[in-house]
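Raw work38.csv, CSV, C-alpha atoms and all ligand atoms:
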chain,number,residue,atom,x,y,z
A,12,MET,CA,3.7,-0.1,-28.3
A,13,LEU,CA,4.4,3.0,-26.4
A,14,ILE,CA,0.9,4.4,-27.0
A,15,ALA,CA,-0.8,1.1,-26.1
A,16,ARG,CA,1.2,0.9,-22.9
A,17,ARG,CA,0.6,4.5,-21.8
A,18,ARG,CA,-1.5,4.4,-18.7
A,19,ASP,CA,-4.5,6.7,-18.1
A,20,TRP,CA,-2.9,8.0,-15.0
A,21,ALA,CA,0.1,9.2,-17.0
A,22,LEU,CA,-2.1,11.6,-19.0
A,23,PRO,CA,-2.0,15.2,-17.8
A,24,GLU,CA,-5.7,15.5,-17.2
A,25,SER,CA,-5.8,12.6,-14.8
A,26,GLN,CA,-3.5,14.7,-12.6
A,27,VAL,CA,-6.1,17.5,-12.1
A,28,THR,CA,-9.4,15.5,-12.3
A,29,ASP,CA,-10.5,12.9,-9.9
A,30,GLU,CA,-10.1,9.7,-11.9
A,31,ALA,CA,-13.7,8.5,-11.7
A,32,VAL,CA,-14.9,11.9,-13.0
A,33,TYR,CA,-12.1,11.7,-15.6
A,34,HIS,CA,-13.3,8.3,-16.9
A,35,ASN,CA,-16.9,9.4,-16.9
A,36,ARG,CA,-15.9,12.5,-18.9
A,37,ARG,CA,-14.1,10.3,-21.5
A,38,ALA,CA,-17.2,8.1,-21.8
A,39,LEU,CA,-19.4,11.2,-22.2
A,40,LEU,CA,-17.1,12.7,-24.9
A,41,LYS,CA,-17.2,9.3,-26.7
A,42,ALA,CA,-21.0,9.3,-26.6
A,43,LEU,CA,-21.0,12.9,-28.0
A,44,GLY,CA,-18.7,11.7,-30.8
A,45,VAL,CA,-15.9,14.0,-29.8
A,46,GLY,CA,-12.5,12.7,-30.8
A,47,GLY,CA,-10.4,11.2,-28.0
A,48,ALA,CA,-7.1,13.0,-28.5
A,49,LEU,CA,-8.7,16.4,-29.2
A,50,ALA,CA,-11.0,16.1,-26.2
A,51,LEU,CA,-8.1,15.5,-23.9
A,52,GLY,CA,-6.8,18.9,-24.7
A,53,GLY,CA,-4.1,19.0,-27.3
A,54,GLY,CA,-0.4,19.4,-26.8
A,55,LYS,CA,1.3,16.5,-25.1
A,56,ALA,CA,-2.0,14.7,-24.6
A,57,LEU,CA,-2.6,14.5,-28.3
A,58,ALA,CA,0.6,12.5,-28.8
A,59,ALA,CA,-0.1,10.3,-25.8
A,60,ALA,CA,-3.9,9.7,-26.2
A,61,LYS,CA,-5.2,6.4,-27.4
A,62,PRO,CA,-7.3,6.3,-30.6
A,63,THR,CA,-10.4,5.3,-28.7
A,64,PRO,CA,-11.4,6.3,-25.1
A,65,ALA,CA,-12.2,2.6,-24.3
A,66,LYS,CA,-9.9,1.1,-21.8
A,67,PRO,CA,-7.4,-1.3,-23.5
A,68,ALA,CA,-8.0,-4.9,-22.4
A,69,ALA,CA,-4.3,-5.6,-21.9
A,70,THR,CA,-3.8,-9.4,-21.7
A,71,PRO,CA,-2.2,-10.3,-18.3
A,72,ALA,CA,0.5,-12.2,-20.2
A,73,ALA,CA,1.7,-8.9,-21.8
A,74,LEU,CA,2.2,-7.2,-18.5
A,75,PRO,CA,5.2,-7.7,-16.1
A,76,PRO,CA,4.6,-10.0,-13.1
A,77,GLY,CA,2.5,-8.4,-10.4
A,78,VAL,CA,1.1,-5.7,-12.6
A,79,SER,CA,-2.5,-4.9,-13.6
A,80,THR,CA,-4.0,-2.1,-15.7
A,81,ASN,CA,-7.5,-2.9,-14.5
A,82,LEU,CA,-8.2,0.2,-12.5
A,83,ASN,CA,-10.7,-0.2,-9.7
A,84,LEU,CA,-12.7,3.0,-9.5
A,85,ARG,CA,-14.3,2.3,-6.2
A,86,TYR,CA,-11.7,4.3,-4.2
A,87,PRO,CA,-11.2,7.7,-5.9
A,88,ALA,CA,-7.9,9.3,-4.6
A,89,GLY,CA,-9.3,12.8,-5.1
A,90,ARG,CA,-5.8,14.3,-5.6
A,91,ALA,CA,-3.0,14.2,-8.1
A,92,LEU,CA,-0.7,11.2,-8.4
A,93,THR,CA,2.7,11.6,-6.9
A,94,ALA,CA,5.5,11.6,-9.5
A,95,GLU,CA,6.8,8.1,-9.8
A,96,LYS,CA,10.4,9.3,-9.2
A,97,ALA,CA,9.4,10.9,-5.9
A,98,ALA,CA,7.5,7.9,-4.6
A,99,THR,CA,10.4,5.5,-5.5
A,100,THR,CA,13.3,7.5,-4.2
A,101,TYR,CA,12.1,8.7,-0.8
A,102,ASN,CA,11.4,5.6,1.3
A,103,ASN,CA,11.2,4.3,4.8
A,104,TYR,CA,12.9,0.9,5.1
A,105,TYR,CA,14.7,0.5,8.4
A,106,GLU,CA,16.1,-2.9,7.5
A,107,ILE,CA,18.3,-1.0,5.1
A,108,ALA,CA,18.9,2.3,6.8
A,109,THR,CA,17.1,4.9,9.0
A,110,ASP,CA,17.3,7.6,6.4
A,111,LYS,CA,15.1,8.0,3.3
A,112,ASP,CA,17.8,7.5,0.7
A,113,ILE,CA,17.8,3.7,0.5
A,114,TRP,CA,16.5,3.1,-3.0
A,115,GLN,CA,19.8,2.2,-4.5
A,116,ALA,CA,20.9,-0.1,-1.7
A,117,ALA,CA,17.5,-1.8,-1.8
A,118,GLN,CA,18.2,-3.1,-5.4
A,119,ALA,CA,20.3,-5.8,-3.7
A,120,ILE,CA,17.2,-7.5,-2.3
A,121,PRO,CA,16.6,-10.6,-4.5
A,122,GLN,CA,13.0,-10.5,-5.8
A,123,ARG,CA,13.0,-14.1,-7.1
A,124,PRO,CA,12.7,-16.8,-5.9
A,125,TRP,CA,10.3,-15.5,-3.3
A,126,SER,CA,7.7,-17.4,-1.3
A,127,ILE,CA,5.2,-16.3,1.2
A,128,GLU,CA,4.0,-18.7,3.9
A,129,LEU,CA,0.3,-18.9,5.0
A,130,ALA,CA,0.4,-20.4,8.5
A,131,GLY,CA,-1.1,-20.6,11.9
A,132,LEU,CA,-4.8,-21.1,12.7
A,133,CYS,CA,-6.0,-22.0,9.2
A,134,ASN,CA,-7.1,-25.1,7.3
A,135,GLN,CA,-4.9,-24.6,4.2
A,136,PRO,CA,-1.4,-23.7,5.5
A,137,LYS,CA,1.0,-23.5,2.6
A,138,SER,CA,4.1,-21.8,1.4
A,139,TRP,CA,3.3,-20.1,-1.9
A,140,ALA,CA,5.8,-19.3,-4.6
A,141,ILE,CA,5.0,-15.8,-5.5
A,142,ASP,CA,4.5,-16.5,-9.2
A,143,ASP,CA,2.0,-19.3,-8.4
A,144,LEU,CA,0.1,-16.9,-6.3
A,145,LEU,CA,0.1,-14.3,-9.1
A,146,LYS,CA,-1.4,-16.8,-11.4
A,147,LYS,CA,-4.0,-17.9,-8.9
A,148,ILE,CA,-5.3,-14.5,-7.8
A,149,PRO,CA,-6.7,-11.9,-10.3
A,150,LEU,CA,-4.8,-8.6,-10.1
A,151,GLU,CA,-6.2,-5.1,-10.2
A,152,GLU,CA,-5.0,-1.5,-9.9
A,153,ARG,CA,-5.9,0.9,-7.2
A,154,ILE,CA,-4.9,4.5,-6.6
A,155,TYR,CA,-4.5,5.1,-2.9
A,156,ARG,CA,-3.4,7.9,-0.7
A,157,HIS,CA,-0.6,7.0,1.7
A,158,ARG,CA,0.0,9.0,4.9
A,159,CYS,CA,3.2,8.4,6.9
A,160,VAL,CA,3.1,9.0,10.6
A,161,GLU,CA,6.0,11.5,10.0
A,162,ALA,CA,3.5,13.7,8.1
A,163,TRP,CA,4.6,13.2,4.6
A,164,ALA,CA,2.2,11.7,2.1
A,165,MET,CA,1.8,10.4,-1.5
A,166,THR,CA,-0.8,9.2,-4.0
A,167,VAL,CA,0.2,5.9,-5.7
A,168,PRO,CA,-1.3,3.6,-8.4
A,169,TRP,CA,-0.7,0.2,-6.9
A,170,SER,CA,-1.2,-3.2,-8.5
A,171,GLY,CA,-2.1,-6.2,-6.5
A,172,PHE,CA,-5.2,-7.9,-4.9
A,173,PRO,CA,-7.4,-7.6,-1.8
A,174,LEU,CA,-5.8,-9.2,1.3
A,175,SER,CA,-9.1,-11.1,1.7
A,176,LYS,CA,-8.1,-13.2,-1.3
A,177,LEU,CA,-5.1,-14.5,0.6
A,178,LEU,CA,-7.3,-15.1,3.6
A,179,ASP,CA,-9.7,-17.2,1.4
A,180,LEU,CA,-6.7,-19.3,0.1
A,181,ALA,CA,-5.6,-20.0,3.7
A,182,ASP,CA,-9.2,-20.6,5.0
A,183,PRO,CA,-8.7,-19.3,8.6
A,184,LYS,CA,-10.2,-21.2,11.5
A,185,PRO,CA,-12.9,-19.5,13.6
A,186,GLU,CA,-10.4,-19.0,16.5
A,187,ALA,CA,-8.2,-16.8,14.4
A,188,ALA,CA,-8.7,-13.3,15.7
A,189,TYR,CA,-5.7,-11.5,14.2
A,190,VAL,CA,-3.4,-11.7,11.2
A,191,ARG,CA,0.4,-11.3,11.9
A,192,PHE,CA,2.7,-10.2,9.1
A,193,THR,CA,6.4,-11.1,9.1
A,194,THR,CA,8.8,-9.5,6.7
A,195,LEU,CA,12.1,-10.4,5.2
A,196,ALA,CA,15.2,-10.2,7.5
A,197,ASN,CA,18.2,-11.1,5.3
A,198,PRO,CA,21.4,-9.6,6.8
A,199,LYS,CA,23.3,-10.2,3.5
A,200,VAL,CA,21.3,-7.5,1.7
A,201,MET,CA,19.8,-5.5,4.6
A,202,PRO,CA,22.6,-3.7,6.5
A,203,GLY,CA,20.2,-2.1,8.9
A,204,LEU,CA,19.6,-5.5,10.6
A,205,SER,CA,23.0,-5.2,12.1
A,206,ASP,CA,21.6,-2.7,14.6
A,207,PRO,CA,20.6,-4.9,17.5
A,208,THR,CA,18.6,-2.1,19.2
A,209,PHE,CA,15.7,-2.8,16.8
A,210,PRO,CA,13.4,-5.7,17.4
A,211,TRP,CA,13.9,-7.5,14.0
A,212,PRO,CA,12.2,-8.8,12.0
A,213,TYR,CA,9.7,-5.9,11.1
A,214,LEU,CA,6.3,-7.3,12.2
A,215,GLU,CA,2.8,-6.0,11.8
A,216,GLY,CA,-0.7,-7.1,12.6
A,217,LEU,CA,-4.4,-6.5,11.8
A,218,THR,CA,-7.6,-7.8,13.3
A,219,MET,CA,-9.4,-10.3,11.1
A,220,ALA,CA,-12.1,-7.7,10.5
A,221,GLU,CA,-9.5,-5.2,9.3
A,222,ALA,CA,-7.8,-7.8,7.1
A,223,ARG,CA,-11.2,-8.7,5.5
A,224,ASN,CA,-12.0,-5.1,4.8
A,225,ASP,CA,-11.9,-4.6,1.0
A,226,LEU,CA,-9.5,-1.6,1.4
A,227,ALA,CA,-6.7,-3.8,2.8
A,228,PHE,CA,-4.6,-4.6,-0.2
A,229,ILE,CA,-1.6,-6.7,-1.1
A,230,GLY,CA,0.7,-4.7,-3.4
A,231,THR,CA,2.7,-6.4,-6.1
A,232,GLY,CA,3.3,-3.5,-8.4
A,233,MET,CA,3.2,0.3,-8.7
A,234,TYR,CA,3.1,2.7,-11.6
A,235,GLY,CA,2.5,-0.1,-14.0
A,236,LYS,CA,5.7,-1.9,-13.0
A,237,PRO,CA,6.6,-4.8,-10.6
A,238,MET,CA,6.9,-3.5,-7.0
A,239,PRO,CA,10.3,-1.9,-6.7
A,240,PRO,CA,12.5,-3.4,-4.0
A,241,GLN,CA,12.7,-0.1,-2.1
A,242,ASP,CA,8.9,0.1,-1.9
A,243,GLY,CA,8.5,-3.4,-0.6
A,244,GLY,CA,9.0,-5.6,-3.6
A,245,PRO,CA,8.0,-8.1,-4.5
A,246,ILE,CA,5.0,-8.1,-2.2
A,247,ARG,CA,3.8,-5.8,0.6
A,248,LEU,CA,0.8,-4.9,2.7
A,249,ILE,CA,-1.1,-1.6,2.0
A,250,THR,CA,-3.6,-0.3,4.6
A,251,PRO,CA,-4.3,3.2,3.3
A,252,TRP,CA,-6.5,4.4,6.3
A,253,LYS,CA,-3.6,3.7,8.7
A,254,TYR,CA,-0.3,5.4,9.2
A,255,GLY,CA,2.3,4.1,6.8
A,256,PHE,CA,4.2,1.9,9.2
A,257,LYS,CA,1.3,-0.6,9.2
A,258,SER,CA,1.9,-1.2,5.5
A,259,ALA,CA,4.7,-3.8,6.0
A,260,LYS,CA,7.1,-4.3,3.1
A,261,ALA,CA,8.6,-7.6,1.7
A,262,LEU,CA,6.2,-10.0,3.3
A,263,VAL,CA,7.4,-13.6,3.9
A,264,LYS,CA,4.8,-14.9,6.2
A,265,ILE,CA,1.1,-14.3,7.0
A,266,GLU,CA,-0.1,-16.1,10.2
A,267,PHE,CA,-3.5,-16.4,11.8
A,268,VAL,CA,-3.3,-16.0,15.5
A,269,LYS,CA,-5.5,-15.8,18.6
A,270,LYS,CA,-3.6,-13.0,20.4
A,271,ARG,CA,-3.0,-9.4,19.2
A,272,PRO,CA,0.5,-9.4,17.7
A,273,MET,CA,3.1,-6.9,18.8
A,274,ASN,CA,4.2,-4.7,15.9
A,275,PHE,CA,7.6,-3.3,15.2
A,276,TRP,CA,7.0,0.3,16.0
A,277,GLN,CA,4.9,-0.3,19.1
A,278,ALA,CA,7.8,-2.6,20.4
A,279,ILE,CA,10.2,0.3,19.9
A,280,ASN,CA,8.2,3.1,21.4
A,281,PRO,CA,4.7,2.2,22.8
A,282,ASP,CA,4.2,5.8,24.0
A,283,GLU,CA,4.3,7.1,20.4
A,284,TYR,CA,3.2,4.1,18.2
A,285,GLY,CA,0.4,1.6,18.8
A,286,PHE,CA,-1.4,-1.3,17.3
A,287,TRP,CA,-4.3,0.6,15.6
A,288,ALA,CA,-2.5,3.5,14.0
A,289,ASN,CA,-5.5,4.9,12.3
A,290,VAL,CA,-4.9,8.3,10.7
A,291,ASN,CA,-6.5,11.2,12.6
A,292,PRO,CA,-5.6,14.9,12.2
A,293,ASP,CA,-7.0,15.7,15.7
A,294,VAL,CA,-4.8,13.3,17.6
A,295,PRO,CA,-1.2,14.7,17.6
A,296,HIS,CA,1.8,12.6,17.7
A,297,PRO,CA,3.5,13.4,21.1
A,298,ARG,CA,6.2,15.3,19.2
A,299,TRP,CA,4.4,16.9,16.3
A,300,SER,CA,1.0,17.8,14.9
A,301,GLN,CA,-0.9,15.5,12.6
A,302,LYS,CA,-3.1,18.2,11.2
A,303,THR,CA,-1.4,18.5,7.8
A,304,GLU,CA,0.8,16.5,5.5
A,305,ARG,CA,3.5,17.3,3.0
A,306,LEU,CA,3.0,15.8,-0.5
A,307,LEU,CA,6.1,14.1,-1.9
A,308,GLY,CA,7.2,15.6,-5.2
A,309,THR,CA,5.5,18.9,-5.0
A,310,GLY,CA,6.1,19.7,-1.3
A,311,GLU,CA,2.5,21.0,-1.1
A,312,ILE,CA,1.0,21.1,2.5
A,313,VAL,CA,-2.5,19.8,2.6
A,314,PRO,CA,-5.0,19.0,5.5
A,315,THR,CA,-4.9,15.4,6.8
A,316,ARG,CA,-8.2,13.7,6.9
A,317,ILE,CA,-9.6,11.2,9.5
A,318,PHE,CA,-8.9,7.6,8.4
A,319,ASN,CA,-6.9,9.3,5.6
A,320,GLY,CA,-10.2,10.1,3.9
A,321,TYR,CA,-11.4,6.4,3.9
A,322,GLY,CA,-13.8,6.7,6.9
A,323,SER,CA,-16.8,5.7,4.9
A,324,PHE,CA,-15.2,2.3,4.3
A,325,VAL,CA,-13.6,1.6,7.6
A,326,ALA,CA,-14.9,3.8,10.5
A,327,SER,CA,-17.5,1.1,11.4
A,328,LEU,CA,-14.7,-1.3,12.2
A,329,TYR,CA,-13.9,0.7,15.3
A,330,ALA,CA,-17.4,1.5,16.4
A,331,GLY,CA,-17.5,-0.8,19.5
A,332,ILE,CA,-13.9,-0.2,20.6
A,333,LYS,CA,-13.5,1.8,23.8
A,334,ASN,CA,-10.6,2.9,25.9
A,335,GLN,CA,-8.0,2.0,23.3
A,336,PRO,CA,-5.6,4.3,21.4
A,337,LEU,CA,-7.1,4.0,18.0
A,338,PHE,CA,-5.1,6.9,16.4
A,339,MET,CA,-1.5,6.3,17.3
A,401,LIG,N1,9.6,-4.0,6.2
A,401,LIG,C1,9.4,-2.7,6.4
A,401,LIG,N2,8.2,-2.2,6.0
A,401,LIG,C2,7.9,-0.9,6.1
A,401,LIG,C3,8.8,0.0,6.7
A,401,LIG,C4,10.1,-0.5,7.1
A,401,LIG,O1,11.0,0.2,7.6
A,401,LIG,N3,10.3,-1.9,6.9
A,401,LIG,N4,8.5,1.3,6.8
A,401,LIG,C5,7.0,1.6,6.9
A,401,LIG,C6,6.8,3.1,6.8
A,401,LIG,S1,7.1,4.0,8.2
A,401,LIG,C7,6.2,3.6,5.7
A,401,LIG,S2,5.7,5.3,5.7
A,401,LIG,C8,6.0,2.9,4.5
A,401,LIG,C9,6.7,3.6,3.4
A,401,LIG,O2,6.5,3.0,2.1
A,401,LIG,P1,7.3,3.5,0.8
A,401,LIG,O3,8.7,3.6,1.1
A,401,LIG,O4,6.9,2.6,-0.3
A,401,LIG,O5,6.7,4.9,0.6
A,401,LIG,O6,6.5,1.6,4.6
A,401,LIG,C10,6.3,0.9,5.8
A,401,LIG,N5,6.7,-0.5,5.7
A,402,MO,MO,5.9,5.9,7.9
I'd like the structure from this file rewritten - as structure tokens, please.
Amino acid sequence: MLIARRRDWALPESQVTDEAVYHNRRALLKALGVGGALALGGGKALAAAKPTPAKPAATPAALPPGVSTNLNLRYPAGRALTAEKAATTYNNYYEIATDKDIWQAAQAIPQRPWSIELAGLCNQPKSWAIDDLLKKIPLEERIYRHRCVEAWAMTVPWSGFPLSKLLDLADPKPEAAYVRFTTLANPKVMPGLSDPTFPWPYLEGLTMAEARNDLAFIGTGMYGKPMPPQDGGPIRLITPWKYGFKSAKALVKIEFVKKRPMNFWQAINPDEYGFWANVNPDVPHPRWSQKTERLLGTGEIVPTRIFNGYGSFVASLYAGIKNQPLFM
């Protein structure tokens, strides 16, 4: 049981080798007839390795809700995974508190029942119970880099599905130009909401083209577990080429609209935070440099990359846009 459930990313080698290379190497070793456990380099790996390098076809029914082990290799993270403990105990969640130590308080957010409403300019408006949605849309796993505007970063194995699948379910009308995301605002379990100086609820928005881009992801799990409440459980947005504040947690509504939505952080401080919020090391925040980032867990400082390293997938989305702050 333990061995069968052990994920590839939990193996030591996956922390030093890009995962695509890593998988290819396993395939190569298999072709050469080299034993799986031995090839992975003895020690702890020996105990953890599966008997065969082939990926186990875990049946969805055997996994917790919102979780997939079907790793999509199209988006190599190119750096080590963040320790699960670090990623799940250092969080931004202003509905709870303005400091990072909210993970325990977040456990009070009920994860079921949960529904998410598809609304606005679409042909199939509907409120979906999350478990019906999880049955309807095939899940996959993706390892993404995450870059907070505050210059900390992490690398996380998320489970979920492309945002475009939700768009398909709703069947947006041609007039829909933007997608507006509304998140949970439940004062019974979110003490931060009692601060009236913030424009609750936490809102975000994307253009339809951004929302349709395959990188835009809906997260329903991380590290092979259902999405923890502190990381936006049970369902959140993940836009890895943008600063982290775009990745809205605890989604309750997705609306198709004509006009560009105002987002939470832009409403708070439009001189420092905008609508586009694409990552760019060469455009400093008014109060700090964006050239480098600090990795959660190790504290290592590494260079920040334009579009957080995802430019080949998303830069074209912005080609025709002039005189707009694309990087704040
Ligand atoms: N609802 C909501 N979503 C949110 C936030 C928030 O305060 N409330 N913070 C954002 C910011 S600034 C970041 S960096 C990420 C952090 O996600 P994590 O805590 O899972 O690392 O969530 C984003 N989504
Ligand atoms: Mo952030």
Query raised in the report: For Lys269 (chain A), which residue among A:Ala326, A:Met238, A:Leu144, A:Ala188 is the nearest when counting all atoms listed in the file?
Result: A:Ala188
Report task. Measuring atom to atom with all atoms listed in the file, identify which of A:Arg85, A:Lys253, A:Arg90, A:Arg156 is nearest to ligand MO 402 (chain A). Result ->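 Smallest separation from ligand MO 402 (chain A) among the options: A:Lys253.
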Query - Nearby residues (only C-alpha atoms) at most 10 Å from His157 (chain A), same-chain spacing under 2 positions excluded, as a ChimeraX atom specification - result: /A:88,154-155,159-160,163-167,249-255,258,306,319
**Report entry** Contacts of ligand LIG 401 (chain A), 8 Å or closer, all atoms listed in the file, given as a ChimeraX atom specification
**Finding:** /A:98-99,101-107,109,157-161,165,194-195,212-214,241-243,247-248,254-262
Query - Residue with smallest distance to Pro272 (chain A) - pool A:Ala73, A:Ile332, A:Val290, A:Ala187, counting only C-alpha atoms - result: A:Ala187
Contacts of Ser138 (chain A) at 9 Å (all atoms listed in the file; same-chain gap of 2+ positions) as an mmCIF file with C-alpha atoms, keeping the file's coordinate frame:
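Writing done, so here's around08.cif:
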data_model
loop_
_atom_site.group_PDB
_atom_site.id
_atom_site.type_symbol
_atom_site.label_atom_id
_atom_site.label_comp_id
_atom_site.auth_asym_id
_atom_site.auth_seq_id
_atom_site.Cartn_x
_atom_site.Cartn_y
_atom_site.Cartn_z
ATOM 1 C CA SER A 126 7.700 -17.400 -1.300
ATOM 2 C CA ILE A 127 5.200 -16.300 1.200
ATOM 3 C CA GLU A 128 4.000 -18.700 3.900
ATOM 4 C CA LEU A 129 0.300 -18.900 5.000
ATOM 5 C CA ALA A 130 0.400 -20.400 8.500
ATOM 6 C CA PRO A 136 -1.400 -23.700 5.500
ATOM 7 C CA ALA A 140 5.800 -19.300 -4.600
ATOM 8 C CA LYS A 264 4.800 -14.900 6.200
#
Report task. Can you work out the spacing between CA of Leu174 (chain A) and CA of Phe286 (chain A) in Å, to one decimal? Result ->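 It comes out at 18.4 Å.
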